[in-house]
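Asker: Enclosed is the structure file query-v1.pdb (PDB, C-alpha atoms, pLDDT in the B column).
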```pdb
ATOM      1  CA  LEU A1062     -84.233 -64.214 167.022  1.00 42.00           C
ATOM      2  CA  GLU A1063     -84.720 -64.258 163.285  1.00 42.00           C
ATOM      3  CA  VAL A1064     -83.639 -61.622 160.794  1.00 42.00           C
ATOM      4  CA  VAL A1065     -85.751 -61.082 157.698  1.00 44.00           C
ATOM      5  CA  ASP A1066     -83.787 -60.147 154.575  1.00 45.00           C
ATOM      6  CA  HIS A1067     -85.051 -58.008 151.743  1.00 44.00           C
ATOM      7  CA  VAL A1068     -86.443 -60.903 149.691  1.00 44.00           C
ATOM      8  CA  GLY A1069     -88.676 -62.097 152.511  1.00 46.00           C
ATOM      9  CA  THR A1070     -86.706 -65.161 153.640  1.00 46.00           C
ATOM     10  CA  THR A1071     -85.756 -65.700 157.262  1.00 44.00           C
ATOM     11  CA  MET A1072     -82.244 -66.045 158.622  1.00 44.00           C
ATOM     12  CA  PRO A1073     -81.800 -67.992 161.875  1.00 46.00           C
ATOM     13  CA  GLU A1074     -79.803 -66.531 164.714  1.00 45.00           C
ATOM     14  CA  HIS A1075     -76.940 -69.026 164.434  1.00 43.00           C
ATOM     15  CA  ALA A1076     -76.343 -67.977 160.829  1.00 43.00           C
ATOM     16  CA  MET A1077     -75.252 -64.564 162.056  1.00 41.00           C
ATOM     17  CA  GLU A1078     -72.976 -65.737 164.861  1.00 42.00           C
ATOM     18  CA  GLY A1079     -69.388 -64.649 164.414  1.00 40.00           C
ATOM     19  CA  SER A1080     -70.144 -62.726 161.239  1.00 39.00           C
ATOM     20  CA  TRP A1081     -69.539 -59.282 162.737  1.00 36.00           C
ATOM     21  CA  ASP A1082     -66.833 -59.719 165.341  1.00 40.00           C
ATOM     22  CA  GLY A1083     -64.829 -62.413 163.555  1.00 41.00           C
ATOM     23  CA  ALA A1084     -65.098 -64.869 166.468  1.00 43.00           C
ATOM     24  CA  PRO A1085     -66.564 -68.292 165.625  1.00 45.00           C
ATOM     25  CA  GLY A1086     -69.624 -69.325 167.530  1.00 45.00           C
ATOM     26  CA  GLY A1087     -70.877 -65.863 168.390  1.00 45.00           C
ATOM     27  CA  GLY A1088     -69.938 -64.308 171.683  1.00 44.00           C
ATOM     28  CA  GLY A1089     -71.410 -60.870 171.209  1.00 43.00           C
ATOM     29  CA  VAL A1090     -71.407 -58.191 168.569  1.00 41.00           C
ATOM     30  CA  SER A1091     -68.673 -55.575 168.664  1.00 43.00           C
ATOM     31  CA  PRO A1092     -69.497 -52.040 167.513  1.00 42.00           C
ATOM     32  CA  SER A1093     -68.095 -51.089 164.150  1.00 43.00           C
ATOM     33  CA  PRO A1094     -67.970 -47.902 162.067  1.00 43.00           C
ATOM     34  CA  LEU A1095     -69.870 -49.895 159.448  1.00 43.00           C
ATOM     35  CA  VAL A1096     -72.922 -49.811 161.711  1.00 42.00           C
ATOM     36  CA  GLY A1097     -73.088 -46.028 161.396  1.00 46.00           C
ATOM     37  CA  VAL A1098     -72.831 -46.252 157.600  1.00 44.00           C
ATOM     38  CA  VAL A1099     -75.550 -48.898 157.492  1.00 45.00           C
ATOM     39  CA  GLY A1100     -77.718 -46.794 159.752  1.00 48.00           C
ATOM     40  CA  GLY A1101     -77.419 -43.841 157.395  1.00 48.00           C
ATOM     41  CA  LEU A1102     -78.323 -45.979 154.405  1.00 46.00           C
ATOM     42  CA  GLY A1103     -81.173 -47.532 156.319  1.00 48.00           C
ATOM     43  CA  ALA A1104     -82.818 -44.181 156.873  1.00 47.00           C
ATOM     44  CA  SER A1105     -83.544 -43.904 153.156  1.00 46.00           C
ATOM     45  CA  SER A1106     -83.689 -47.548 152.087  1.00 45.00           C
ATOM     46  CA  GLY A1107     -85.716 -49.194 154.834  1.00 47.00           C
ATOM     47  CA  VAL A1108     -82.757 -51.055 156.294  1.00 47.00           C
ATOM     48  CA  GLY A1109     -83.182 -51.250 160.066  1.00 47.00           C
ATOM     49  CA  LEU A1110     -80.813 -51.962 162.917  1.00 47.00           C
ATOM     50  CA  GLY A1111     -81.655 -54.931 165.078  1.00 48.00           C
ATOM     51  CA  PRO A1112     -80.556 -55.759 168.640  1.00 49.00           C
ATOM     52  CA  GLY A1113     -76.898 -54.958 169.354  1.00 46.00           C
ATOM     53  CA  GLY A1114     -76.593 -52.861 166.200  1.00 46.00           C
ATOM     54  CA  VAL A1115     -76.896 -55.826 163.817  1.00 44.00           C
ATOM     55  CA  ALA A1116     -78.262 -54.651 160.482  1.00 47.00           C
ATOM     56  CA  SER A1117     -81.413 -56.498 159.543  1.00 45.00           C
ATOM     57  CA  LYS A1118     -82.529 -56.823 155.940  1.00 52.00           C
ATOM     58  CA  LEU A1119     -78.973 -55.902 154.860  1.00 60.00           C
ATOM     59  CA  SER A1120     -77.266 -57.044 151.687  1.00 72.00           C
ATOM     60  CA  TYR A1121     -74.936 -55.500 149.156  1.00 72.00           C
ATOM     61  CA  ASP A1122     -77.621 -55.975 146.519  1.00 70.00           C
ATOM     62  CA  LEU A1123     -80.097 -53.939 148.541  1.00 72.00           C
ATOM     63  CA  ILE A1124     -77.574 -51.165 149.171  1.00 73.00           C
ATOM     64  CA  MET A1125     -76.541 -50.930 145.514  1.00 74.00           C
ATOM     65  CA  ARG A1126     -80.125 -50.937 144.287  1.00 72.00           C
ATOM     66  CA  ASN A1127     -81.020 -48.113 146.662  1.00 76.00           C
ATOM     67  CA  LEU A1128     -78.209 -45.877 145.429  1.00 81.00           C
ATOM     68  CA  SER A1129     -79.573 -43.365 142.972  1.00 83.00           C
ATOM     69  CA  PRO A1130     -78.621 -44.025 139.334  1.00 85.00           C
ATOM     70  CA  HIS A1131     -77.937 -40.294 139.091  1.00 86.00           C
ATOM     71  CA  LEU A1132     -74.948 -40.860 141.390  1.00 88.00           C
ATOM     72  CA  PHE A1133     -73.310 -43.208 138.895  1.00 88.00           C
ATOM     73  CA  ALA A1134     -74.311 -41.101 135.898  1.00 89.00           C
ATOM     74  CA  TYR A1135     -72.881 -37.818 137.170  1.00 91.00           C
ATOM     75  CA  MET A1136     -69.771 -39.538 138.520  1.00 93.00           C
ATOM     76  CA  GLY A1137     -69.176 -40.859 135.000  1.00 93.00           C
ATOM     77  CA  ILE A1138     -69.681 -37.425 133.456  1.00 94.00           C
ATOM     78  CA  ALA A1139     -67.343 -35.799 135.980  1.00 95.00           C
ATOM     79  CA  LEU A1140     -64.641 -38.441 135.476  1.00 95.00           C
ATOM     80  CA  CYS A1141     -64.920 -38.122 131.705  1.00 94.00           C
ATOM     81  CA  LEU A1142     -64.317 -34.379 131.761  1.00 95.00           C
ATOM     82  CA  ALA A1143     -61.780 -34.274 134.601  1.00 95.00           C
ATOM     83  CA  LEU A1144     -59.557 -37.095 133.336  1.00 95.00           C
ATOM     84  CA  SER A1145     -59.654 -35.824 129.744  1.00 94.00           C
ATOM     85  CA  VAL A1146     -58.664 -32.303 130.744  1.00 95.00           C
ATOM     86  CA  THR A1147     -55.945 -33.711 133.015  1.00 95.00           C
ATOM     87  CA  GLY A1148     -54.497 -35.738 130.144  1.00 94.00           C
ATOM     88  CA  ALA A1149     -54.553 -32.737 127.819  1.00 93.00           C
ATOM     89  CA  ALA A1150     -52.938 -30.427 130.374  1.00 94.00           C
ATOM     90  CA  TRP A1151     -50.271 -33.006 131.188  1.00 94.00           C
ATOM     91  CA  GLY A1152     -49.478 -33.541 127.508  1.00 92.00           C
ATOM     92  CA  ILE A1153     -49.300 -29.815 126.746  1.00 92.00           C
ATOM     93  CA  PHE A1154     -47.053 -29.305 129.759  1.00 92.00           C
ATOM     94  CA  ILE A1155     -44.603 -31.974 128.580  1.00 90.00           C
ATOM     95  CA  THR A1156     -44.452 -31.038 124.911  1.00 88.00           C
ATOM     96  CA  GLY A1157     -44.780 -27.288 125.447  1.00 86.00           C
ATOM     97  CA  SER A1158     -41.812 -27.030 127.776  1.00 85.00           C
ATOM     98  CA  SER A1159     -39.593 -28.974 125.363  1.00 84.00           C
ATOM     99  CA  LEU A1160     -40.864 -26.947 122.411  1.00 84.00           C
ATOM    100  CA  LEU A1161     -40.093 -23.632 124.075  1.00 80.00           C
ATOM    101  CA  GLY A1162     -36.722 -24.832 125.287  1.00 80.00           C
ATOM    102  CA  GLY A1163     -35.685 -26.202 121.880  1.00 79.00           C
ATOM    103  CA  GLY A1164     -36.998 -23.106 120.142  1.00 75.00           C
ATOM    104  CA  VAL A1165     -34.339 -21.020 121.821  1.00 77.00           C
ATOM    105  CA  ARG A1166     -31.598 -22.785 119.860  1.00 77.00           C
ATOM    106  CA  ALA A1167     -33.673 -23.622 116.754  1.00 78.00           C
ATOM    107  CA  PRO A1168     -36.503 -21.086 116.292  1.00 77.00           C
ATOM    108  CA  ARG A1169     -37.709 -22.817 113.117  1.00 78.00           C
ATOM    109  CA  ILE A1170     -39.264 -25.682 115.128  1.00 78.00           C
ATOM    110  CA  ALA A1171     -41.639 -23.435 117.043  1.00 76.00           C
ATOM    111  CA  SER A1172     -44.333 -23.248 114.362  1.00 77.00           C
ATOM    112  CA  LYS A1173     -44.651 -26.706 112.851  1.00 78.00           C
ATOM    113  CA  ASN A1174     -44.226 -28.532 116.167  1.00 80.00           C
ATOM    114  CA  LEU A1175     -47.337 -26.828 117.515  1.00 84.00           C
ATOM    115  CA  VAL A1176     -49.203 -29.766 115.966  1.00 86.00           C
ATOM    116  CA  SER A1177     -48.249 -31.845 119.009  1.00 86.00           C
ATOM    117  CA  VAL A1178     -49.916 -29.262 121.260  1.00 89.00           C
ATOM    118  CA  ILE A1179     -53.044 -29.421 119.094  1.00 90.00           C
ATOM    119  CA  PHE A1180     -53.148 -33.218 119.328  1.00 90.00           C
ATOM    120  CA  ALA A1181     -52.802 -33.029 123.108  1.00 90.00           C
ATOM    121  CA  GLU A1182     -55.586 -30.454 123.320  1.00 91.00           C
ATOM    122  CA  ALA A1183     -57.798 -32.801 121.290  1.00 91.00           C
ATOM    123  CA  SER A1184     -57.976 -35.076 124.347  1.00 91.00           C
ATOM    124  CA  ALA A1185     -59.754 -32.321 126.291  1.00 93.00           C
ATOM    125  CA  ILE A1186     -62.059 -31.614 123.347  1.00 94.00           C
ATOM    126  CA  TYR A1187     -63.056 -35.294 123.179  1.00 94.00           C
ATOM    127  CA  GLY A1188     -63.842 -35.231 126.884  1.00 94.00           C
ATOM    128  CA  VAL A1189     -65.955 -32.079 126.646  1.00 95.00           C
ATOM    129  CA  ILE A1190     -67.977 -33.410 123.701  1.00 94.00           C
ATOM    130  CA  VAL A1191     -68.654 -36.798 125.304  1.00 94.00           C
ATOM    131  CA  SER A1192     -69.508 -35.182 128.669  1.00 94.00           C
ATOM    132  CA  ILE A1193     -72.127 -32.998 127.007  1.00 94.00           C
ATOM    133  CA  PHE A1194     -73.477 -36.012 125.143  1.00 92.00           C
ATOM    134  CA  LEU A1195     -73.723 -38.047 128.349  1.00 92.00           C
ATOM    135  CA  ALA A1196     -75.395 -35.164 130.193  1.00 90.00           C
ATOM    136  CA  PHE A1197     -78.222 -35.200 127.644  1.00 88.00           C
ATOM    137  CA  GLN A1198     -78.785 -38.887 128.454  1.00 87.00           C
ATOM    138  CA  VAL A1199     -79.773 -38.056 132.047  1.00 87.00           C
ATOM    139  CA  GLY A1200     -83.349 -37.283 133.028  1.00 80.00           C
ATOM    140  CA  ALA A1201     -85.569 -37.441 136.089  1.00 80.00           C
ATOM    141  CA  THR A1202     -86.323 -40.804 137.657  1.00 79.00           C
ATOM    142  CA  HIS A1203     -88.288 -41.935 140.704  1.00 79.00           C
ATOM    143  CA  ARG A1204     -88.540 -44.979 142.897  1.00 79.00           C
ATOM    144  CA  ASP A1205     -91.214 -47.557 142.202  1.00 74.00           C
ATOM    145  CA  ALA A1206     -94.202 -46.988 144.480  1.00 75.00           C
ATOM    146  CA  THR A1207     -94.558 -50.714 145.200  1.00 78.00           C
ATOM    147  CA  THR A1208     -90.977 -51.922 145.682  1.00 74.00           C
ATOM    148  CA  GLY A1209     -89.378 -48.638 146.700  1.00 73.00           C
ATOM    149  CA  LEU A1210     -86.539 -49.299 144.246  1.00 76.00           C
ATOM    150  CA  TYR A1211     -85.437 -47.513 141.106  1.00 78.00           C
ATOM    151  CA  PRO A1212     -86.480 -49.033 137.755  1.00 80.00           C
ATOM    152  CA  ALA A1213     -84.036 -51.580 136.402  1.00 79.00           C
ATOM    153  CA  GLU A1214     -83.753 -49.680 133.106  1.00 84.00           C
ATOM    154  CA  ASP A1215     -82.619 -46.543 134.939  1.00 82.00           C
ATOM    155  CA  MET A1216     -80.060 -48.475 136.985  1.00 85.00           C
ATOM    156  CA  VAL A1217     -78.629 -49.991 133.808  1.00 85.00           C
ATOM    157  CA  ALA A1218     -78.493 -46.557 132.188  1.00 86.00           C
ATOM    158  CA  GLY A1219     -76.696 -45.119 135.222  1.00 87.00           C
ATOM    159  CA  TYR A1220     -74.092 -47.896 135.141  1.00 89.00           C
ATOM    160  CA  ALA A1221     -73.663 -47.478 131.380  1.00 91.00           C
ATOM    161  CA  ILE A1222     -73.096 -43.723 131.642  1.00 92.00           C
ATOM    162  CA  PHE A1223     -70.574 -44.272 134.444  1.00 93.00           C
ATOM    163  CA  SER A1224     -68.716 -46.889 132.395  1.00 93.00           C
ATOM    164  CA  ALA A1225     -68.714 -44.689 129.292  1.00 94.00           C
ATOM    165  CA  GLY A1226     -67.407 -41.667 131.186  1.00 94.00           C
ATOM    166  CA  LEU A1227     -64.670 -43.682 132.893  1.00 95.00           C
ATOM    167  CA  THR A1228     -63.620 -45.301 129.611  1.00 94.00           C
ATOM    168  CA  VAL A1229     -63.409 -42.021 127.715  1.00 95.00           C
ATOM    169  CA  GLY A1230     -61.692 -40.246 130.596  1.00 95.00           C
ATOM    170  CA  LEU A1231     -58.982 -42.858 131.058  1.00 95.00           C
ATOM    171  CA  GLY A1232     -58.479 -43.187 127.302  1.00 94.00           C
ATOM    172  CA  ASN A1233     -57.956 -39.456 126.896  1.00 94.00           C
ATOM    173  CA  LEU A1234     -55.734 -39.331 129.978  1.00 95.00           C
ATOM    174  CA  VAL A1235     -53.227 -41.852 128.638  1.00 94.00           C
ATOM    175  CA  GLY A1236     -53.644 -40.500 125.098  1.00 93.00           C
ATOM    176  CA  GLY A1237     -52.788 -36.969 126.187  1.00 92.00           C
ATOM    177  CA  ILE A1238     -49.720 -38.143 128.107  1.00 93.00           C
ATOM    178  CA  CYS A1239     -48.636 -40.246 125.119  1.00 92.00           C
ATOM    179  CA  VAL A1240     -48.964 -37.326 122.697  1.00 91.00           C
ATOM    180  CA  GLY A1241     -47.144 -34.991 125.068  1.00 90.00           C
ATOM    181  CA  THR A1242     -44.216 -37.360 125.569  1.00 91.00           C
ATOM    182  CA  VAL A1243     -43.856 -38.140 121.859  1.00 89.00           C
ATOM    183  CA  GLY A1244     -44.347 -34.473 120.941  1.00 87.00           C
ATOM    184  CA  SER A1245     -41.532 -33.500 123.294  1.00 87.00           C
ATOM    185  CA  ALA A1246     -39.191 -35.982 121.630  1.00 85.00           C
ATOM    186  CA  CYS A1247     -40.396 -34.798 118.214  1.00 84.00           C
ATOM    187  CA  ALA A1248     -39.501 -31.178 118.961  1.00 85.00           C
ATOM    188  CA  LEU A1249     -36.015 -32.066 120.192  1.00 84.00           C
ATOM    189  CA  ALA A1250     -35.370 -34.452 117.288  1.00 83.00           C
ATOM    190  CA  ASP A1251     -36.567 -31.868 114.760  1.00 81.00           C
ATOM    191  CA  ALA A1252     -34.164 -29.343 116.228  1.00 82.00           C
ATOM    192  CA  GLN A1253     -31.292 -31.710 115.448  1.00 83.00           C
ATOM    193  CA  ASN A1254     -32.516 -33.244 112.187  1.00 82.00           C
ATOM    194  CA  PRO A1255     -35.482 -31.735 110.276  1.00 80.00           C
ATOM    195  CA  ALA A1256     -35.930 -34.943 108.259  1.00 80.00           C
ATOM    196  CA  LEU A1257     -37.222 -36.770 111.348  1.00 80.00           C
ATOM    197  CA  PHE A1258     -40.293 -34.564 111.796  1.00 81.00           C
ATOM    198  CA  VAL A1259     -42.577 -36.354 109.309  1.00 81.00           C
ATOM    199  CA  LYS A1260     -41.669 -39.786 110.682  1.00 80.00           C
ATOM    200  CA  ILE A1261     -42.355 -38.833 114.292  1.00 81.00           C
ATOM    201  CA  LEU A1262     -45.578 -37.088 113.215  1.00 83.00           C
ATOM    202  CA  MET A1263     -46.989 -40.516 112.330  1.00 84.00           C
ATOM    203  CA  VAL A1264     -46.357 -41.635 115.909  1.00 84.00           C
ATOM    204  CA  LEU A1265     -48.225 -38.558 117.142  1.00 85.00           C
ATOM    205  CA  ILE A1266     -51.242 -39.418 114.993  1.00 87.00           C
ATOM    206  CA  PHE A1267     -51.433 -42.978 116.300  1.00 88.00           C
ATOM    207  CA  GLY A1268     -51.018 -41.752 119.872  1.00 85.00           C
ATOM    208  CA  SER A1269     -53.869 -39.309 119.460  1.00 85.00           C
ATOM    209  CA  ALA A1270     -56.067 -42.080 118.057  1.00 88.00           C
ATOM    210  CA  ILE A1271     -56.126 -43.749 121.498  1.00 88.00           C
ATOM    211  CA  GLY A1272     -58.550 -41.136 122.771  1.00 89.00           C
ATOM    212  CA  LEU A1273     -60.669 -41.454 119.648  1.00 91.00           C
ATOM    213  CA  PHE A1274     -60.983 -45.214 120.180  1.00 93.00           C
ATOM    214  CA  ALA A1275     -62.183 -44.571 123.734  1.00 93.00           C
ATOM    215  CA  VAL A1276     -64.778 -42.078 122.472  1.00 93.00           C
ATOM    216  CA  ILE A1277     -66.191 -44.615 120.009  1.00 93.00           C
ATOM    217  CA  VAL A1278     -66.461 -47.346 122.640  1.00 93.00           C
ATOM    218  CA  GLY A1279     -67.947 -44.945 125.189  1.00 92.00           C
ATOM    219  CA  ILE A1280     -70.708 -43.913 122.782  1.00 91.00           C
ATOM    220  CA  LEU A1281     -71.457 -47.574 122.111  1.00 92.00           C
ATOM    221  CA  PHE A1282     -71.839 -48.139 125.862  1.00 91.00           C
ATOM    222  CA  VAL A1283     -74.741 -45.688 126.125  1.00 88.00           C
ATOM    223  CA  SER A1284     -76.293 -46.451 122.759  1.00 85.00           C
ATOM    224  CA  GLY A1285     -80.037 -46.864 123.319  1.00 82.00           C
ATOM    225  CA  LYS A1286     -79.816 -46.147 127.069  1.00 82.00           C
ATOM    226  CA  LYS A1287     -81.293 -43.036 128.625  1.00 80.00           C
ATOM    227  CA  LEU A1288     -81.694 -42.490 132.339  1.00 81.00           C
ATOM    228  CA  GLY A1289     -85.257 -41.546 133.140  1.00 77.00           C
ATOM    229  CA  VAL A1290     -85.999 -40.519 129.543  1.00 64.00           C
ATOM    230  CA  ARG A1291     -88.673 -42.643 127.875  1.00 58.00           C
TER     231      ARG A1291
END
```
Using structure tokens, write down the structure that the file contains.

Answerer:
Amino acid sequence: LEVVDHVGTTMPEHAMEGSWDGAPGGGGVSPSPLVGVVGGLGASSGVGLGPGGVASKLSYDLIMRNLSPHLFAYMGIALCLALSVTGAAWGIFITGSSLLGGGVRAPRIASKNLVSVIFAEASAIYGVIVSIFLAFQVGATHRDATTGLYPAEDMVAGYAIFSAGLTVGLGNLVGGICVGTVGSACALADAQNPALFVKILMVLIFGSAIGLFAVIVGILFVSGKKLGVR
């Protein structure tokens, strides 16, 4: 028995012995939930199941190249928006509760300390803007009629959009939490000593810049790359 992989080379039977059931020297193939996953992928990618459920023509490279680049692109867009909004909501929750609580004893802090809420909300705004920008980078794409695979340029664009969305989302997540935590301390410190507000405001600005750095790097990731748009 020989198994032909996706690049046309042959794999002798002894090369597969023990690779599925963990026992050296063969001794039979034990069923695995992975076989069902491989079978589902094979229906769309040409990967077949050989005798005993052994996947022929199977490799991680083949599986990854048969996944649609739209999957990576829209996952990146979703992560960008979801993580950014989560960071903003978390930051507003932290600083807002302290601001309202401190405002009971010192009402004067309620107005000027709203700047920390604005900085936290900026994380969500960054995420929305970058998500819209990334969405415009996605277009229709099709498999190559000869190879049955997606064009390499579209795969690269899909990976780039995913990386950009994840970078911006995580940057805004930690930036929003940072601004919320510092803003909470700023409100409580201002209630005790008004002279501390300007000094802590500088910390808020630098904390908010974390999300801006992520936005810049994320845009650089997708610079010159468009999925399916030529």

Asker: Got a sec to resolve the PyMOL selection byres ((chain A and resi 1239) around 9) on this structure and send the residues as a tab-separated table (two decimals) with C-alpha atoms, in the coordinates of the input?

Answerer:
```tsv
chain	number	residue	atom	x	y	z
A	1148	GLY	CA	-54.50	-35.74	130.14
A	1152	GLY	CA	-49.48	-33.54	127.51
A	1181	ALA	CA	-52.80	-33.03	123.11
A	1234	LEU	CA	-55.73	-39.33	129.98
A	1235	VAL	CA	-53.23	-41.85	128.64
A	1236	GLY	CA	-53.64	-40.50	125.10
A	1237	GLY	CA	-52.79	-36.97	126.19
A	1238	ILE	CA	-49.72	-38.14	128.11
A	1240	VAL	CA	-48.96	-37.33	122.70
A	1241	GLY	CA	-47.14	-34.99	125.07
A	1242	THR	CA	-44.22	-37.36	125.57
A	1243	VAL	CA	-43.86	-38.14	121.86
A	1244	GLY	CA	-44.35	-34.47	120.94
A	1265	LEU	CA	-48.22	-38.56	117.14
A	1268	GLY	CA	-51.02	-41.75	119.87
A	1269	SER	CA	-53.87	-39.31	119.46
```

Asker: Counting all atoms listed in the file, which residues in segment 1173-1209 of chain A sit no more than 9 Å from segment 1125-1134 of chain A? For each one, give the nearest pair of atoms and the distance in Å, sorted by chain then residue number, as CSV.

Answerer:
```
residue,atom,partner,partner_atom,distance
A:Leu1195,CA,A:Ala1134,CA,8.2
A:Ala1196,CA,A:Ala1134,CA,8.3
A:Gln1198,CA,A:Ala1134,CA,9.0
A:Val1199,CA,A:Ala1134,CA,7.3
A:Gly1200,CA,A:His1131,CA,8.7
A:Ala1201,CA,A:His1131,CA,8.7
A:Thr1202,CA,A:Pro1130,CA,8.5
A:Arg1204,CA,A:Asn1127,CA,9.0
A:Gly1209,CA,A:Asn1127,CA,8.4
```

Asker: Could you state the separation of atom CA of Gln1253 of chain A and atom CA of Lys1173 of chain A in Å, given to one decimal place?

Answerer: 14.5 Å

Asker: Between atom CA of Ile1261 of chain A and atom CA of Val1276 of chain A, what is the spacing in Å?

Answerer: 24.1 Å

Asker: Of the candidates A:Ala1225, A:Leu1257, A:Leu1144, A:Ile1266, which one gets nearest to Ser1284 of chain A if we count all atoms listed in the file?

Answerer: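 Counting all atoms listed in the file, the residue closest to Ser1284 of chain A is A:Ala1225.
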
Asker: Report, in Å to a single decimal, how far apart atom CA of Leu1123 of chain A and atom CA of Gly1219 of chain A are.

Answerer: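 Atom-to-atom, atom CA of Gly1219 of chain A to atom CA of Leu1123 of chain A, that is 16.3 Å.
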
Asker: Applied to this file, what does the PyMOL selection byres ((chain A and resi 1233) around 12) return in terms of residues, put as a PDB file with C-alpha atoms, in the coordinates of the input?

Answerer:
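As written to disk, result.pdb reads:
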```pdb
ATOM      1  CA  LEU A1140     -64.641 -38.441 135.476  1.00 95.00           C
ATOM      2  CA  CYS A1141     -64.920 -38.122 131.705  1.00 94.00           C
ATOM      3  CA  LEU A1142     -64.317 -34.379 131.761  1.00 95.00           C
ATOM      4  CA  ALA A1143     -61.780 -34.274 134.601  1.00 95.00           C
ATOM      5  CA  LEU A1144     -59.557 -37.095 133.336  1.00 95.00           C
ATOM      6  CA  SER A1145     -59.654 -35.824 129.744  1.00 94.00           C
ATOM      7  CA  VAL A1146     -58.664 -32.303 130.744  1.00 95.00           C
ATOM      8  CA  THR A1147     -55.945 -33.711 133.015  1.00 95.00           C
ATOM      9  CA  GLY A1148     -54.497 -35.738 130.144  1.00 94.00           C
ATOM     10  CA  ALA A1149     -54.553 -32.737 127.819  1.00 93.00           C
ATOM     11  CA  ALA A1150     -52.938 -30.427 130.374  1.00 94.00           C
ATOM     12  CA  TRP A1151     -50.271 -33.006 131.188  1.00 94.00           C
ATOM     13  CA  GLY A1152     -49.478 -33.541 127.508  1.00 92.00           C
ATOM     14  CA  PHE A1180     -53.148 -33.218 119.328  1.00 90.00           C
ATOM     15  CA  ALA A1181     -52.802 -33.029 123.108  1.00 90.00           C
ATOM     16  CA  GLU A1182     -55.586 -30.454 123.320  1.00 91.00           C
ATOM     17  CA  ALA A1183     -57.798 -32.801 121.290  1.00 91.00           C
ATOM     18  CA  SER A1184     -57.976 -35.076 124.347  1.00 91.00           C
ATOM     19  CA  ALA A1185     -59.754 -32.321 126.291  1.00 93.00           C
ATOM     20  CA  ILE A1186     -62.059 -31.614 123.347  1.00 94.00           C
ATOM     21  CA  TYR A1187     -63.056 -35.294 123.179  1.00 94.00           C
ATOM     22  CA  GLY A1188     -63.842 -35.231 126.884  1.00 94.00           C
ATOM     23  CA  VAL A1189     -65.955 -32.079 126.646  1.00 95.00           C
ATOM     24  CA  VAL A1191     -68.654 -36.798 125.304  1.00 94.00           C
ATOM     25  CA  GLY A1226     -67.407 -41.667 131.186  1.00 94.00           C
ATOM     26  CA  LEU A1227     -64.670 -43.682 132.893  1.00 95.00           C
ATOM     27  CA  THR A1228     -63.620 -45.301 129.611  1.00 94.00           C
ATOM     28  CA  VAL A1229     -63.409 -42.021 127.715  1.00 95.00           C
ATOM     29  CA  GLY A1230     -61.692 -40.246 130.596  1.00 95.00           C
ATOM     30  CA  LEU A1231     -58.982 -42.858 131.058  1.00 95.00           C
ATOM     31  CA  GLY A1232     -58.479 -43.187 127.302  1.00 94.00           C
ATOM     32  CA  LEU A1234     -55.734 -39.331 129.978  1.00 95.00           C
ATOM     33  CA  VAL A1235     -53.227 -41.852 128.638  1.00 94.00           C
ATOM     34  CA  GLY A1236     -53.644 -40.500 125.098  1.00 93.00           C
ATOM     35  CA  GLY A1237     -52.788 -36.969 126.187  1.00 92.00           C
ATOM     36  CA  ILE A1238     -49.720 -38.143 128.107  1.00 93.00           C
ATOM     37  CA  CYS A1239     -48.636 -40.246 125.119  1.00 92.00           C
ATOM     38  CA  VAL A1240     -48.964 -37.326 122.697  1.00 91.00           C
ATOM     39  CA  GLY A1241     -47.144 -34.991 125.068  1.00 90.00           C
ATOM     40  CA  GLY A1268     -51.018 -41.752 119.872  1.00 85.00           C
ATOM     41  CA  SER A1269     -53.869 -39.309 119.460  1.00 85.00           C
ATOM     42  CA  ALA A1270     -56.067 -42.080 118.057  1.00 88.00           C
ATOM     43  CA  ILE A1271     -56.126 -43.749 121.498  1.00 88.00           C
ATOM     44  CA  GLY A1272     -58.550 -41.136 122.771  1.00 89.00           C
ATOM     45  CA  LEU A1273     -60.669 -41.454 119.648  1.00 91.00           C
ATOM     46  CA  PHE A1274     -60.983 -45.214 120.180  1.00 93.00           C
ATOM     47  CA  ALA A1275     -62.183 -44.571 123.734  1.00 93.00           C
ATOM     48  CA  VAL A1276     -64.778 -42.078 122.472  1.00 93.00           C
ATOM     49  CA  ILE A1277     -66.191 -44.615 120.009  1.00 93.00           C
ATOM     50  CA  GLY A1279     -67.947 -44.945 125.189  1.00 92.00           C
TER      51      GLY A1279
END
```

Asker: Measuring atom to atom with only C-alpha atoms, identify which of A:Gly1137, A:Pro1168, A:Ser1158, A:Ile1222 is nearest to Ile1280 of chain A.

Answerer: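 Using only C-alpha atoms, Ile1280 of chain A sits closest to A:Ile1222.
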
Asker: Once the PyMOL selection byres ((chain A and resi 1171) around 10) has been applied to the shown file, what residues remain in the selection, as a list in words?

Answerer: Gly1157, Leu1160, Leu1161, Gly1162, Gly1163, Gly1164, Val1165, Ala1167, Pro1168, Arg1169, Ile1170, Ser1172, Lys1173, Asn1174, Leu1175, Val1176, Ala1248 and Ala1252 of chain A

Asker: Considering all atoms listed in the file, state which residue in the set A:Ile1193, A:Glu1214, A:Ser1159, A:Asp1122 is at the smallest distance from Ala1246 of chain A.

Answerer: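 Once distances to Ala1246 of chain A are computed over all atoms listed in the file, the minimum belongs to A:Ser1159.
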
Asker: Padding 5 Å on each side, edges along x, y and z: where is the centre of the box around the listed atoms of segment 1211-1217 of chain A, and how long are its edges in Å to one decimal? Output it as AutoDock Vina command-line options.

Answerer:
```
--center_x -82.6 --center_y -49.1 --center_z 137.1 --size_x 17.9 --size_y 15.0 --size_z 18.0
```

Asker: Counting only C-alpha atoms, which residue out of A:Cys1247, A:Val1283, A:Val1217, A:Ile1138 sits closest to Lys1260 of chain A?

Answerer: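 Result for the nearest residue to Lys1260 of chain A: A:Cys1247.
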